[in-house]
file coords_14.txt (compact mmCIF, N, CA and C atoms)
# COMPACT_ATOMS: atom_id res chain seq x y z
N MET A 15 -41.87 4.95 19.31
CA MET A 15 -40.48 5.23 19.59
C MET A 15 -40.21 6.69 19.18
N THR A 16 -39.46 7.39 19.98
CA THR A 16 -39.16 8.79 19.69
C THR A 16 -38.04 8.88 18.66
N ARG A 17 -37.84 10.08 18.16
CA ARG A 17 -36.78 10.30 17.18
C ARG A 17 -35.41 9.97 17.79
N LYS A 18 -35.23 10.34 19.05
CA LYS A 18 -33.97 10.08 19.74
C LYS A 18 -33.74 8.56 19.88
N GLY A 19 -34.79 7.82 20.19
CA GLY A 19 -34.70 6.37 20.33
C GLY A 19 -34.36 5.71 19.00
N LYS A 20 -35.00 6.18 17.90
CA LYS A 20 -34.71 5.64 16.57
C LYS A 20 -33.26 5.91 16.18
N ARG A 21 -32.80 7.11 16.46
CA ARG A 21 -31.43 7.48 16.14
C ARG A 21 -30.43 6.59 16.91
N LEU A 22 -30.70 6.38 18.17
CA LEU A 22 -29.83 5.52 18.96
C LEU A 22 -29.85 4.07 18.46
N ALA A 23 -31.01 3.59 18.03
CA ALA A 23 -31.11 2.23 17.50
C ALA A 23 -30.31 2.10 16.20
N VAL A 24 -30.39 3.10 15.33
CA VAL A 24 -29.64 3.07 14.07
C VAL A 24 -28.14 3.12 14.36
N ILE A 25 -27.71 3.99 15.25
CA ILE A 25 -26.30 4.10 15.59
C ILE A 25 -25.80 2.80 16.24
N GLY A 26 -26.60 2.23 17.12
CA GLY A 26 -26.23 0.95 17.75
C GLY A 26 -26.11 -0.16 16.73
N GLY A 27 -27.04 -0.23 15.77
CA GLY A 27 -26.98 -1.24 14.71
C GLY A 27 -25.75 -1.07 13.84
N MET A 28 -25.44 0.18 13.50
CA MET A 28 -24.24 0.45 12.69
C MET A 28 -22.98 0.06 13.46
N GLY A 29 -22.97 0.34 14.75
CA GLY A 29 -21.82 -0.03 15.58
C GLY A 29 -21.63 -1.53 15.64
N ALA A 30 -22.74 -2.28 15.74
CA ALA A 30 -22.67 -3.74 15.78
C ALA A 30 -22.14 -4.30 14.46
N VAL A 31 -22.61 -3.76 13.34
CA VAL A 31 -22.14 -4.21 12.02
C VAL A 31 -20.65 -3.90 11.87
N LEU A 32 -20.23 -2.72 12.30
CA LEU A 32 -18.82 -2.34 12.22
C LEU A 32 -17.95 -3.26 13.09
N ALA A 33 -18.40 -3.56 14.29
CA ALA A 33 -17.66 -4.46 15.18
C ALA A 33 -17.55 -5.86 14.58
N LEU A 34 -18.63 -6.35 13.97
CA LEU A 34 -18.61 -7.66 13.33
C LEU A 34 -17.62 -7.67 12.16
N ALA A 35 -17.64 -6.61 11.35
CA ALA A 35 -16.71 -6.53 10.21
C ALA A 35 -15.26 -6.50 10.69
N ALA A 36 -14.98 -5.72 11.72
CA ALA A 36 -13.62 -5.64 12.27
C ALA A 36 -13.19 -7.00 12.81
N GLY A 37 -14.08 -7.70 13.49
CA GLY A 37 -13.76 -9.02 14.01
C GLY A 37 -13.44 -10.01 12.91
N LEU A 38 -14.20 -9.99 11.82
CA LEU A 38 -13.94 -10.90 10.70
C LEU A 38 -12.61 -10.59 10.04
N VAL A 39 -12.29 -9.31 9.87
CA VAL A 39 -11.01 -8.93 9.26
C VAL A 39 -9.85 -9.40 10.14
N LEU A 40 -9.93 -9.16 11.44
CA LEU A 40 -8.87 -9.59 12.35
C LEU A 40 -8.72 -11.11 12.36
N TYR A 41 -9.81 -11.83 12.29
CA TYR A 41 -9.76 -13.29 12.25
C TYR A 41 -9.03 -13.77 10.99
N GLN A 42 -9.30 -13.16 9.85
CA GLN A 42 -8.65 -13.55 8.60
C GLN A 42 -7.16 -13.18 8.59
N VAL A 43 -6.81 -12.06 9.20
CA VAL A 43 -5.42 -11.61 9.23
C VAL A 43 -4.56 -12.56 10.04
N THR A 44 -5.10 -13.17 11.08
CA THR A 44 -4.29 -14.06 11.91
C THR A 44 -3.77 -15.25 11.12
N ASP A 45 -4.45 -15.64 10.04
CA ASP A 45 -3.98 -16.75 9.22
C ASP A 45 -2.80 -16.36 8.33
N THR A 46 -2.61 -15.07 8.08
CA THR A 46 -1.57 -14.64 7.16
C THR A 46 -0.35 -14.04 7.85
N ILE A 47 -0.38 -13.87 9.15
CA ILE A 47 0.74 -13.29 9.87
C ILE A 47 1.86 -14.32 9.97
N VAL A 48 3.08 -13.91 9.64
CA VAL A 48 4.24 -14.78 9.73
C VAL A 48 5.25 -14.09 10.65
N PHE A 49 5.59 -14.73 11.76
CA PHE A 49 6.51 -14.15 12.73
C PHE A 49 7.94 -14.50 12.40
N PHE A 50 8.87 -13.61 12.81
CA PHE A 50 10.30 -13.81 12.61
C PHE A 50 10.94 -14.33 13.90
N TYR A 51 11.78 -15.35 13.77
CA TYR A 51 12.49 -15.91 14.91
C TYR A 51 13.94 -16.20 14.52
N GLY A 52 14.82 -16.09 15.47
CA GLY A 52 16.19 -16.56 15.31
C GLY A 52 16.26 -18.00 15.77
N PRO A 53 17.32 -18.73 15.43
CA PRO A 53 17.44 -20.13 15.84
C PRO A 53 17.33 -20.32 17.36
N THR A 54 17.90 -19.44 18.15
CA THR A 54 17.82 -19.57 19.61
C THR A 54 16.37 -19.46 20.08
N GLU A 55 15.62 -18.51 19.52
CA GLU A 55 14.21 -18.34 19.91
C GLU A 55 13.39 -19.56 19.52
N ILE A 56 13.68 -20.16 18.39
CA ILE A 56 12.94 -21.35 17.96
C ILE A 56 13.16 -22.49 18.95
N HIS A 57 14.40 -22.68 19.38
CA HIS A 57 14.70 -23.74 20.35
C HIS A 57 14.08 -23.45 21.71
N GLU A 58 14.08 -22.18 22.14
CA GLU A 58 13.55 -21.82 23.46
C GLU A 58 12.03 -21.86 23.53
N LYS A 59 11.36 -21.47 22.45
CA LYS A 59 9.89 -21.37 22.48
C LYS A 59 9.20 -22.68 22.20
N ASN A 60 9.93 -23.68 21.74
CA ASN A 60 9.32 -24.99 21.44
C ASN A 60 8.09 -24.84 20.56
N LEU A 61 8.25 -24.18 19.42
CA LEU A 61 7.15 -23.99 18.48
C LEU A 61 6.70 -25.33 17.92
N GLN A 62 5.42 -25.44 17.63
CA GLN A 62 4.85 -26.69 17.13
C GLN A 62 5.21 -26.89 15.66
N PRO A 63 5.50 -28.14 15.25
CA PRO A 63 5.72 -28.43 13.83
C PRO A 63 4.49 -28.00 13.03
N GLY A 64 4.73 -27.47 11.83
CA GLY A 64 3.65 -26.98 10.99
C GLY A 64 3.43 -25.49 11.12
N THR A 65 4.12 -24.84 12.07
CA THR A 65 3.99 -23.40 12.26
C THR A 65 4.74 -22.68 11.14
N ARG A 66 4.07 -21.73 10.49
CA ARG A 66 4.70 -20.94 9.43
C ARG A 66 5.42 -19.76 10.06
N ILE A 67 6.74 -19.66 9.82
CA ILE A 67 7.55 -18.60 10.40
C ILE A 67 8.62 -18.15 9.42
N ARG A 68 9.35 -17.11 9.80
CA ARG A 68 10.57 -16.70 9.13
C ARG A 68 11.71 -16.95 10.10
N VAL A 69 12.80 -17.48 9.58
CA VAL A 69 13.99 -17.69 10.41
C VAL A 69 15.14 -16.94 9.74
N GLY A 70 15.96 -16.31 10.55
CA GLY A 70 17.07 -15.55 9.99
C GLY A 70 18.33 -15.71 10.79
N GLY A 71 19.43 -15.47 10.14
CA GLY A 71 20.73 -15.54 10.78
C GLY A 71 21.81 -15.61 9.72
N ILE A 72 22.92 -16.21 10.09
CA ILE A 72 24.08 -16.35 9.22
C ILE A 72 24.17 -17.80 8.75
N VAL A 73 24.44 -18.00 7.47
CA VAL A 73 24.62 -19.36 6.94
C VAL A 73 25.94 -19.91 7.48
N VAL A 74 25.87 -21.06 8.14
CA VAL A 74 27.04 -21.68 8.76
C VAL A 74 28.01 -22.15 7.68
N ASP A 75 29.30 -21.81 7.85
CA ASP A 75 30.34 -22.24 6.91
C ASP A 75 30.40 -23.76 6.85
N GLY A 76 30.47 -24.30 5.64
CA GLY A 76 30.58 -25.75 5.44
C GLY A 76 29.27 -26.50 5.58
N SER A 77 28.15 -25.81 5.76
CA SER A 77 26.88 -26.50 5.97
C SER A 77 26.03 -26.65 4.71
N VAL A 78 26.40 -25.98 3.63
CA VAL A 78 25.58 -26.01 2.42
C VAL A 78 25.83 -27.32 1.67
N LYS A 79 24.76 -28.08 1.48
CA LYS A 79 24.81 -29.36 0.77
C LYS A 79 23.80 -29.31 -0.37
N ARG A 80 24.29 -29.50 -1.58
CA ARG A 80 23.40 -29.47 -2.75
C ARG A 80 22.99 -30.89 -3.11
N GLY A 81 21.70 -31.06 -3.42
CA GLY A 81 21.17 -32.36 -3.81
C GLY A 81 20.68 -32.33 -5.25
N GLU A 82 19.85 -33.29 -5.59
CA GLU A 82 19.29 -33.37 -6.93
C GLU A 82 18.04 -32.52 -7.04
N ASN A 83 17.70 -32.14 -8.27
CA ASN A 83 16.49 -31.38 -8.58
C ASN A 83 16.40 -30.09 -7.76
N LEU A 84 17.50 -29.35 -7.70
CA LEU A 84 17.57 -28.05 -7.01
C LEU A 84 17.33 -28.13 -5.51
N ALA A 85 17.44 -29.32 -4.93
CA ALA A 85 17.27 -29.45 -3.48
C ALA A 85 18.58 -29.10 -2.79
N MET A 86 18.48 -28.48 -1.64
CA MET A 86 19.67 -28.15 -0.87
C MET A 86 19.34 -28.02 0.59
N THR A 87 20.33 -28.23 1.42
CA THR A 87 20.19 -28.04 2.86
C THR A 87 21.35 -27.16 3.33
N PHE A 88 21.08 -26.41 4.38
CA PHE A 88 22.12 -25.60 5.00
C PHE A 88 21.68 -25.30 6.42
N LYS A 89 22.60 -24.79 7.22
CA LYS A 89 22.29 -24.44 8.59
C LYS A 89 22.38 -22.93 8.76
N VAL A 90 21.49 -22.41 9.60
CA VAL A 90 21.47 -20.98 9.92
C VAL A 90 21.75 -20.83 11.41
N THR A 91 22.60 -19.89 11.76
CA THR A 91 22.93 -19.66 13.16
C THR A 91 22.77 -18.19 13.52
N ASP A 92 22.51 -17.95 14.80
CA ASP A 92 22.54 -16.58 15.31
C ASP A 92 23.75 -16.40 16.22
N GLY A 93 24.69 -17.33 16.13
CA GLY A 93 25.88 -17.29 16.95
C GLY A 93 25.74 -18.10 18.23
N ASN A 94 24.54 -18.53 18.52
CA ASN A 94 24.28 -19.28 19.74
C ASN A 94 23.77 -20.68 19.41
N LYS A 95 22.69 -20.76 18.64
CA LYS A 95 22.10 -22.04 18.24
C LYS A 95 22.04 -22.10 16.72
N GLU A 96 21.82 -23.30 16.20
CA GLU A 96 21.69 -23.51 14.75
C GLU A 96 20.38 -24.20 14.45
N ILE A 97 19.89 -24.00 13.24
CA ILE A 97 18.72 -24.73 12.77
C ILE A 97 18.99 -25.19 11.34
N ALA A 98 18.63 -26.43 11.04
CA ALA A 98 18.81 -26.99 9.70
C ALA A 98 17.67 -26.51 8.81
N VAL A 99 18.02 -26.06 7.61
CA VAL A 99 17.03 -25.55 6.65
C VAL A 99 17.14 -26.37 5.38
N SER A 100 16.00 -26.83 4.87
CA SER A 100 15.97 -27.49 3.57
C SER A 100 15.19 -26.60 2.61
N TYR A 101 15.63 -26.57 1.35
CA TYR A 101 15.02 -25.70 0.36
C TYR A 101 15.12 -26.36 -1.00
N ARG A 102 14.07 -26.20 -1.80
CA ARG A 102 14.09 -26.69 -3.17
C ARG A 102 13.75 -25.52 -4.07
N GLY A 103 14.70 -25.18 -4.92
CA GLY A 103 14.50 -24.06 -5.83
C GLY A 103 15.81 -23.36 -6.13
N ILE A 104 15.70 -22.25 -6.83
CA ILE A 104 16.87 -21.48 -7.19
C ILE A 104 17.12 -20.45 -6.10
N LEU A 105 18.33 -20.45 -5.56
CA LEU A 105 18.69 -19.51 -4.50
C LEU A 105 19.11 -18.18 -5.10
N PRO A 106 19.00 -17.10 -4.33
CA PRO A 106 19.48 -15.80 -4.82
C PRO A 106 20.97 -15.87 -5.16
N ASP A 107 21.40 -15.05 -6.11
CA ASP A 107 22.80 -15.04 -6.52
C ASP A 107 23.74 -14.71 -5.36
N LEU A 108 23.29 -13.91 -4.41
CA LEU A 108 24.14 -13.48 -3.31
C LEU A 108 24.15 -14.45 -2.13
N PHE A 109 23.45 -15.57 -2.25
CA PHE A 109 23.44 -16.57 -1.17
C PHE A 109 24.79 -17.25 -1.12
N ARG A 110 25.39 -17.29 0.08
CA ARG A 110 26.64 -18.03 0.28
C ARG A 110 26.89 -18.20 1.77
N GLU A 111 27.83 -19.06 2.09
CA GLU A 111 28.17 -19.34 3.49
C GLU A 111 28.76 -18.09 4.14
N GLY A 112 28.42 -17.91 5.42
CA GLY A 112 28.95 -16.78 6.18
C GLY A 112 28.20 -15.48 5.96
N GLN A 113 27.11 -15.51 5.20
CA GLN A 113 26.34 -14.31 4.91
C GLN A 113 24.96 -14.38 5.55
N GLY A 114 24.33 -13.23 5.71
CA GLY A 114 23.00 -13.16 6.30
C GLY A 114 21.93 -13.68 5.36
N VAL A 115 20.92 -14.31 5.95
CA VAL A 115 19.83 -14.88 5.17
C VAL A 115 18.56 -14.85 6.00
N VAL A 116 17.42 -14.71 5.31
CA VAL A 116 16.11 -14.85 5.94
C VAL A 116 15.35 -15.86 5.09
N ALA A 117 14.83 -16.91 5.74
CA ALA A 117 14.07 -17.95 5.03
C ALA A 117 12.67 -18.00 5.61
N GLU A 118 11.68 -18.11 4.73
CA GLU A 118 10.29 -18.23 5.17
C GLU A 118 9.80 -19.61 4.79
N GLY A 119 9.11 -20.26 5.73
CA GLY A 119 8.60 -21.59 5.46
C GLY A 119 7.91 -22.18 6.67
N VAL A 120 7.99 -23.51 6.79
CA VAL A 120 7.25 -24.24 7.82
C VAL A 120 8.23 -25.02 8.70
N LEU A 121 8.03 -24.93 9.99
CA LEU A 121 8.83 -25.68 10.95
C LEU A 121 8.46 -27.16 10.87
N GLN A 122 9.47 -28.02 10.82
CA GLN A 122 9.29 -29.46 10.71
C GLN A 122 9.57 -30.12 12.06
N PRO A 123 9.16 -31.36 12.25
CA PRO A 123 9.50 -32.07 13.49
C PRO A 123 11.02 -32.16 13.67
N GLY A 124 11.47 -32.14 14.90
CA GLY A 124 12.90 -32.26 15.18
C GLY A 124 13.66 -30.95 15.00
N GLN A 125 12.99 -29.83 15.11
CA GLN A 125 13.62 -28.51 14.98
C GLN A 125 14.29 -28.30 13.64
N ALA A 126 13.75 -28.88 12.57
CA ALA A 126 14.22 -28.64 11.21
C ALA A 126 13.26 -27.64 10.58
N PHE A 127 13.66 -27.07 9.47
CA PHE A 127 12.87 -26.03 8.83
C PHE A 127 12.85 -26.26 7.32
N ARG A 128 11.65 -26.27 6.73
CA ARG A 128 11.50 -26.40 5.27
C ARG A 128 11.12 -25.05 4.71
N ALA A 129 12.03 -24.44 3.98
CA ALA A 129 11.81 -23.10 3.44
C ALA A 129 11.19 -23.16 2.06
N ASP A 130 10.31 -22.20 1.78
CA ASP A 130 9.80 -22.05 0.42
C ASP A 130 10.26 -20.74 -0.20
N THR A 131 10.87 -19.86 0.61
CA THR A 131 11.43 -18.61 0.14
C THR A 131 12.73 -18.35 0.90
N VAL A 132 13.78 -17.98 0.18
CA VAL A 132 15.05 -17.63 0.80
C VAL A 132 15.48 -16.27 0.27
N LEU A 133 15.79 -15.37 1.19
CA LEU A 133 16.26 -14.03 0.83
C LEU A 133 17.68 -13.86 1.34
N ALA A 134 18.56 -13.32 0.51
CA ALA A 134 19.95 -13.08 0.91
C ALA A 134 20.18 -11.58 0.97
N LYS A 135 21.19 -11.19 1.73
CA LYS A 135 21.50 -9.76 1.81
C LYS A 135 21.98 -9.27 0.46
N HIS A 136 21.82 -7.96 0.20
CA HIS A 136 22.10 -7.48 -1.14
C HIS A 136 23.45 -6.82 -1.32
N ASP A 137 24.16 -6.47 -0.27
CA ASP A 137 25.54 -6.03 -0.40
C ASP A 137 26.26 -6.25 0.92
N GLU A 138 27.54 -5.94 0.95
CA GLU A 138 28.34 -6.28 2.12
C GLU A 138 27.98 -5.51 3.38
N ASN A 139 27.23 -4.42 3.26
CA ASN A 139 26.88 -3.62 4.44
C ASN A 139 25.45 -3.81 4.90
N TYR A 140 24.68 -4.64 4.22
CA TYR A 140 23.26 -4.78 4.55
C TYR A 140 23.02 -6.04 5.37
N MET A 141 22.16 -5.91 6.36
CA MET A 141 21.72 -7.07 7.15
C MET A 141 20.24 -6.82 7.42
N PRO A 142 19.35 -7.79 7.16
CA PRO A 142 17.94 -7.59 7.48
C PRO A 142 17.79 -7.17 8.94
N LYS A 143 16.90 -6.22 9.20
CA LYS A 143 16.74 -5.65 10.53
C LYS A 143 16.48 -6.72 11.59
N GLU A 144 15.63 -7.68 11.26
CA GLU A 144 15.31 -8.73 12.22
C GLU A 144 16.53 -9.56 12.58
N VAL A 145 17.37 -9.88 11.57
CA VAL A 145 18.57 -10.66 11.82
C VAL A 145 19.55 -9.86 12.67
N ALA A 146 19.73 -8.58 12.33
CA ALA A 146 20.65 -7.74 13.10
C ALA A 146 20.19 -7.60 14.54
N ASP A 147 18.90 -7.42 14.75
CA ASP A 147 18.38 -7.30 16.12
C ASP A 147 18.63 -8.58 16.92
N THR A 148 18.42 -9.73 16.28
CA THR A 148 18.65 -11.01 16.95
C THR A 148 20.12 -11.17 17.30
N LEU A 149 21.01 -10.83 16.35
CA LEU A 149 22.45 -10.94 16.62
C LEU A 149 22.88 -9.96 17.71
N LYS A 150 22.29 -8.77 17.75
CA LYS A 150 22.61 -7.81 18.81
C LYS A 150 22.19 -8.34 20.17
N LYS A 151 21.02 -8.97 20.25
CA LYS A 151 20.56 -9.56 21.51
C LYS A 151 21.52 -10.63 22.01
N GLN A 152 22.11 -11.37 21.06
CA GLN A 152 23.03 -12.45 21.42
C GLN A 152 24.45 -11.93 21.66
N GLY A 153 24.68 -10.63 21.38
CA GLY A 153 26.02 -10.06 21.54
C GLY A 153 26.97 -10.45 20.44
N LYS A 154 26.45 -10.86 19.27
CA LYS A 154 27.29 -11.33 18.17
C LYS A 154 27.37 -10.33 17.03
N TRP A 155 26.74 -9.18 17.13
CA TRP A 155 26.68 -8.20 16.03
C TRP A 155 28.04 -7.54 15.86
N GLN A 156 28.52 -7.49 14.61
CA GLN A 156 29.79 -6.84 14.32
C GLN A 156 29.67 -5.86 13.18
N GLY A 157 28.46 -5.58 12.71
CA GLY A 157 28.26 -4.70 11.56
C GLY A 157 28.49 -3.24 11.90
N GLU A 158 28.85 -2.48 10.86
CA GLU A 158 29.05 -1.05 11.03
C GLU A 158 27.79 -0.27 10.66
N ALA A 159 27.09 -0.73 9.59
CA ALA A 159 25.90 -0.02 9.16
C ALA A 159 24.75 -0.31 10.11
N LYS A 160 23.80 0.59 10.16
CA LYS A 160 22.61 0.37 10.97
C LYS A 160 21.81 -0.76 10.37
N ALA A 161 21.09 -1.48 11.21
CA ALA A 161 20.28 -2.60 10.74
C ALA A 161 19.25 -2.12 9.74
N GLY A 162 19.12 -2.84 8.63
CA GLY A 162 18.12 -2.52 7.63
C GLY A 162 18.52 -1.38 6.72
N GLU A 163 19.78 -0.92 6.79
CA GLU A 163 20.22 0.19 5.97
C GLU A 163 21.49 -0.19 5.22
N THR A 164 21.78 0.57 4.19
CA THR A 164 23.05 0.41 3.48
C THR A 164 23.81 1.72 3.59
N ARG A 165 25.11 1.63 3.36
CA ARG A 165 25.91 2.86 3.40
C ARG A 165 26.06 3.41 2.02

call {"tool": "encode", "arguments": {"input": "coords_14.txt", "output": "structure tokens"}}
result
Amino acid sequence: MTRKGKRLAVIGGMGAVLALAAGLVLYQVTDTIVFFYGPTEIHEKNLQPGTRIRVGGIVVDGSVKRGENLAMTFKVTDGNKEIAVSYRGILPDLFREGQGVVAEGVLQPGQAFRADTVLAKHDENYMPKEVADTLKKQGKWQGEAKAGETR
């Protein structure tokens, strides 16, 4: 084999190892990606139960129900559709009805959602970018500040 042939074989082998490594990394990343959806998108896409997602919107007035052992349920809306959310744990201090929220968890059968993390907006001018974008798509956005920013 000539020097040029050996060089090409080494470069080809390195390329194959690099491609294999990139493929393994991408395969592992797909297990950790969590997509954001609004309630309307969840109803339209018919996502399978057990899918890990983030859902965001406004907490529906009168929907917060507190149970035993820090359990609670509430509904989240994007102004068009609603989704029931159940959560067990301590909620952020700023969580309340009529305010923006993003919950991360697992979709349950019957278009219900079991959250393991709940995030609330941090002041009166802040709305998570994903929630604001969803509300803008629905024509329900009334905020003055830009999405994801504070004044």

call {"tool": "closest_residue", "arguments": {"input": "coords_14.txt", "among": "A:Gln152, A:Thr91, A:Gln122, A:Asn83", "to": "Gly70 of chain A", "atoms": "only N, CA and C atoms"}}
result
A:Thr91

call {"tool": "closest_residue", "arguments": {"input": "coords_14.txt", "among": "A:Ser100, A:Glu111, A:Asp92, A:Asn60", "to": "Asp75 of chain A", "atoms": "all atoms listed in the file"}}
result
A:Glu111

call {"tool": "residues_around", "arguments": {"input": "coords_14.txt", "residues": "segment 77-81 of chain A", "least_positions_apart": "4", "cutoff": "8 Å", "atoms": "only N, CA and C atoms", "output": "ChimeraX atom specification"}}
result
/A:73,85-90,110-112

call {"tool": "closest_residue", "arguments": {"input": "coords_14.txt", "among": "A:Asn94, A:Tyr51, A:Gly37, A:Ala23", "to": "Asp147 of chain A", "atoms": "only C-alpha atoms"}}
result
A:Tyr51

call {"tool": "closest_residue", "arguments": {"input": "coords_14.txt", "among": "A:Ile25, A:Ile97, A:Leu108, A:Ala35", "to": "Ala126 of chain A", "atoms": "all atoms listed in the file"}}
result
A:Ile97
